[in-house]
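Colleague: This structure is in structure tokens; I'll ask about it shortly.
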Amino acid sequence: MPAPQDGPLLIRPYTISNGRTRPSTAFDLLSLIMATGIEPDIPLGPEHTVALGMCEGPMSVAEIAAHLRLPAVVAKVILSDLVACGAVTAHAPAFHDMPTDRSLLEAVLDGLRRQL
């Protein structure tokens with residue numbers, strides 16, 4: 001008799017996106033996604049529901065993909081479904097014309113190295 005799985009059930013990413021490889025909405029990995037409060041009028045898959053729940057406050061596409069443990073392109077397909085039904089909005093990231101502080105970048109790099 002096979003042993004029960006210790007981790008989550010592995011599902012191929014293309015099954016989550018129904019075989020779609022391109023989102024219908026253009027997203028940047030830094031695009032901010034936020035829930036609108038509108039209930040979707042389409043049935044949602046479990047990944048759609050989890051993604052929607054994460055968007056109560058602004059969250060980037062990259063963060064959502066990481067939390068879902070999915071490739072970014074699959075997360076973009078899921079988010080484009082949510083945009084299409086009006087459940088979320090997407091905004092381009094705001095970039096400022098401020099020079100980057102080298103000491104800040106070095107501190108971030110040091111922190112990342114400590115995590116590895």
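Chains: A, B, ... in order of the structure tokens. Residues: from 1 per chain. Ligands: from 1, in order shown.
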I want to know what sits within 8 Å of Pro40 of chain A, based on only C-alpha atoms, with residues of the same chain fewer than 5 positions away left out; could you give that as a JSON list (two decimals) with C-alpha atoms, in the first residue's frame?

Modeller:
[["chain", "number", "residue", "atom", "x", "y", "z"],
["A", 82, "LEU", "CA", -9.92, 37.74, -11.85],
["A", 85, "CYS", "CA", -14.61, 39.22, -13.99],
["A", 86, "GLY", "CA", -14.00, 42.50, -12.13],
["A", 87, "ALA", "CA", -12.86, 40.89, -8.87]]

Colleague: I'd like the contact shell of segment 30-34 of chain A - 7 Å cut-off, only C-alpha atoms, skipping same-chain residues fewer than 2 positions apart - returned as JSON, numbers by chain.

Modeller: {"A": [27, 28, 36, 55, 56, 57, 58, 59, 60, 61, 62, 88, 89, 90, 91, 92, 93]}

Colleague: Just N, CA, C and O atoms for this one: save the residues we selected as a PDB file, in the first residue's frame.

Modeller:
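See out.pdb below for the written result:
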ATOM      1  N   PHE A  27       0.538  42.037 -17.495  1.00  0.00           N
ATOM      2  CA  PHE A  27       1.024  42.307 -16.147  1.00  0.00           C
ATOM      3  C   PHE A  27       2.541  42.380 -16.156  1.00  0.00           C
ATOM      4  O   PHE A  27       3.204  41.650 -16.879  1.00  0.00           O
ATOM      5  N   ASP A  28       3.063  43.214 -15.303  1.00  0.00           N
ATOM      6  CA  ASP A  28       4.477  43.227 -14.968  1.00  0.00           C
ATOM      7  C   ASP A  28       4.574  42.443 -13.664  1.00  0.00           C
ATOM      8  O   ASP A  28       3.601  42.361 -12.921  1.00  0.00           O
ATOM      9  N   THR A  36     -11.465  44.299  -5.635  1.00  0.00           N
ATOM     10  CA  THR A  36     -12.436  45.381  -5.797  1.00  0.00           C
ATOM     11  C   THR A  36     -13.622  45.233  -4.855  1.00  0.00           C
ATOM     12  O   THR A  36     -14.362  46.184  -4.655  1.00  0.00           O
ATOM     13  N   CYS A  55      -5.483  39.499  -2.039  1.00  0.00           N
ATOM     14  CA  CYS A  55      -5.489  40.833  -2.641  1.00  0.00           C
ATOM     15  C   CYS A  55      -6.316  41.860  -1.879  1.00  0.00           C
ATOM     16  O   CYS A  55      -6.729  42.869  -2.459  1.00  0.00           O
ATOM     17  N   GLU A  56      -6.570  41.631  -0.606  1.00  0.00           N
ATOM     18  CA  GLU A  56      -7.311  42.627   0.174  1.00  0.00           C
ATOM     19  C   GLU A  56      -6.557  43.939   0.228  1.00  0.00           C
ATOM     20  O   GLU A  56      -7.139  45.006   0.230  1.00  0.00           O
ATOM     21  N   GLY A  57      -5.254  43.863   0.312  1.00  0.00           N
ATOM     22  CA  GLY A  57      -4.376  45.025   0.202  1.00  0.00           C
ATOM     23  C   GLY A  57      -3.563  44.848  -1.058  1.00  0.00           C
ATOM     24  O   GLY A  57      -3.495  43.752  -1.608  1.00  0.00           O
ATOM     25  N   PRO A  58      -2.922  45.902  -1.534  1.00  0.00           N
ATOM     26  CA  PRO A  58      -2.150  45.755  -2.769  1.00  0.00           C
ATOM     27  C   PRO A  58      -1.036  44.719  -2.616  1.00  0.00           C
ATOM     28  O   PRO A  58      -0.333  44.696  -1.614  1.00  0.00           O
ATOM     29  N   MET A  59      -0.921  43.848  -3.605  1.00  0.00           N
ATOM     30  CA  MET A  59       0.117  42.819  -3.593  1.00  0.00           C
ATOM     31  C   MET A  59       0.631  42.660  -5.019  1.00  0.00           C
ATOM     32  O   MET A  59      -0.152  42.696  -5.968  1.00  0.00           O
ATOM     33  N   SER A  60       1.925  42.481  -5.152  1.00  0.00           N
ATOM     34  CA  SER A  60       2.511  42.364  -6.489  1.00  0.00           C
ATOM     35  C   SER A  60       2.237  40.979  -7.077  1.00  0.00           C
ATOM     36  O   SER A  60       2.000  40.009  -6.360  1.00  0.00           O
ATOM     37  N   VAL A  61       2.307  40.933  -8.399  1.00  0.00           N
ATOM     38  CA  VAL A  61       2.132  39.661  -9.103  1.00  0.00           C
ATOM     39  C   VAL A  61       3.189  38.663  -8.642  1.00  0.00           C
ATOM     40  O   VAL A  61       2.896  37.493  -8.418  1.00  0.00           O
ATOM     41  N   ALA A  62       4.420  39.128  -8.464  1.00  0.00           N
ATOM     42  CA  ALA A  62       5.503  38.239  -8.018  1.00  0.00           C
ATOM     43  C   ALA A  62       5.208  37.648  -6.638  1.00  0.00           C
ATOM     44  O   ALA A  62       5.443  36.453  -6.407  1.00  0.00           O
ATOM     45  N   VAL A  88     -10.658  41.895  -9.267  1.00  0.00           N
ATOM     46  CA  VAL A  88      -9.435  42.614  -8.883  1.00  0.00           C
ATOM     47  C   VAL A  88      -9.111  43.670  -9.930  1.00  0.00           C
ATOM     48  O   VAL A  88      -9.585  43.608 -11.062  1.00  0.00           O
ATOM     49  N   THR A  89      -8.287  44.618  -9.519  1.00  0.00           N
ATOM     50  CA  THR A  89      -7.738  45.600 -10.455  1.00  0.00           C
ATOM     51  C   THR A  89      -6.225  45.460 -10.443  1.00  0.00           C
ATOM     52  O   THR A  89      -5.645  44.999  -9.459  1.00  0.00           O
ATOM     53  N   ALA A  90      -5.617  45.865 -11.531  1.00  0.00           N
ATOM     54  CA  ALA A  90      -4.158  45.814 -11.648  1.00  0.00           C
ATOM     55  C   ALA A  90      -3.651  47.207 -11.970  1.00  0.00           C
ATOM     56  O   ALA A  90      -4.212  47.901 -12.817  1.00  0.00           O
ATOM     57  N   HIS A  91      -2.608  47.598 -11.267  1.00  0.00           N
ATOM     58  CA  HIS A  91      -1.998  48.904 -11.486  1.00  0.00           C
ATOM     59  C   HIS A  91      -0.520  48.722 -11.725  1.00  0.00           C
ATOM     60  O   HIS A  91       0.134  47.925 -11.034  1.00  0.00           O
ATOM     61  N   ALA A  92       0.001  49.490 -12.671  1.00  0.00           N
ATOM     62  CA  ALA A  92       1.440  49.442 -12.946  1.00  0.00           C
ATOM     63  C   ALA A  92       2.192  49.937 -11.721  1.00  0.00           C
ATOM     64  O   ALA A  92       1.699  50.797 -10.985  1.00  0.00           O
ATOM     65  N   PRO A  93       3.367  49.398 -11.495  1.00  0.00           N
ATOM     66  CA  PRO A  93       4.144  49.851 -10.338  1.00  0.00           C
ATOM     67  C   PRO A  93       4.560  51.307 -10.516  1.00  0.00           C
ATOM     68  O   PRO A  93       4.771  51.776 -11.628  1.00  0.00           O
TER      69      PRO A  93
END

Colleague: Would you compute the distance between atom CA of Leu105 of chain A and atom CA of Ile64 of chain A? Give it in Å to one decimal.

Modeller: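 Distance between the two atoms: 23.3 Å.
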
Colleague: Just how far from atom CA of Glu63 of chain A is atom CA of Arg22 of chain A, in Å to one decimal?

Modeller: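 Separation of atom CA of Arg22 of chain A and atom CA of Glu63 of chain A: 18.8 Å.
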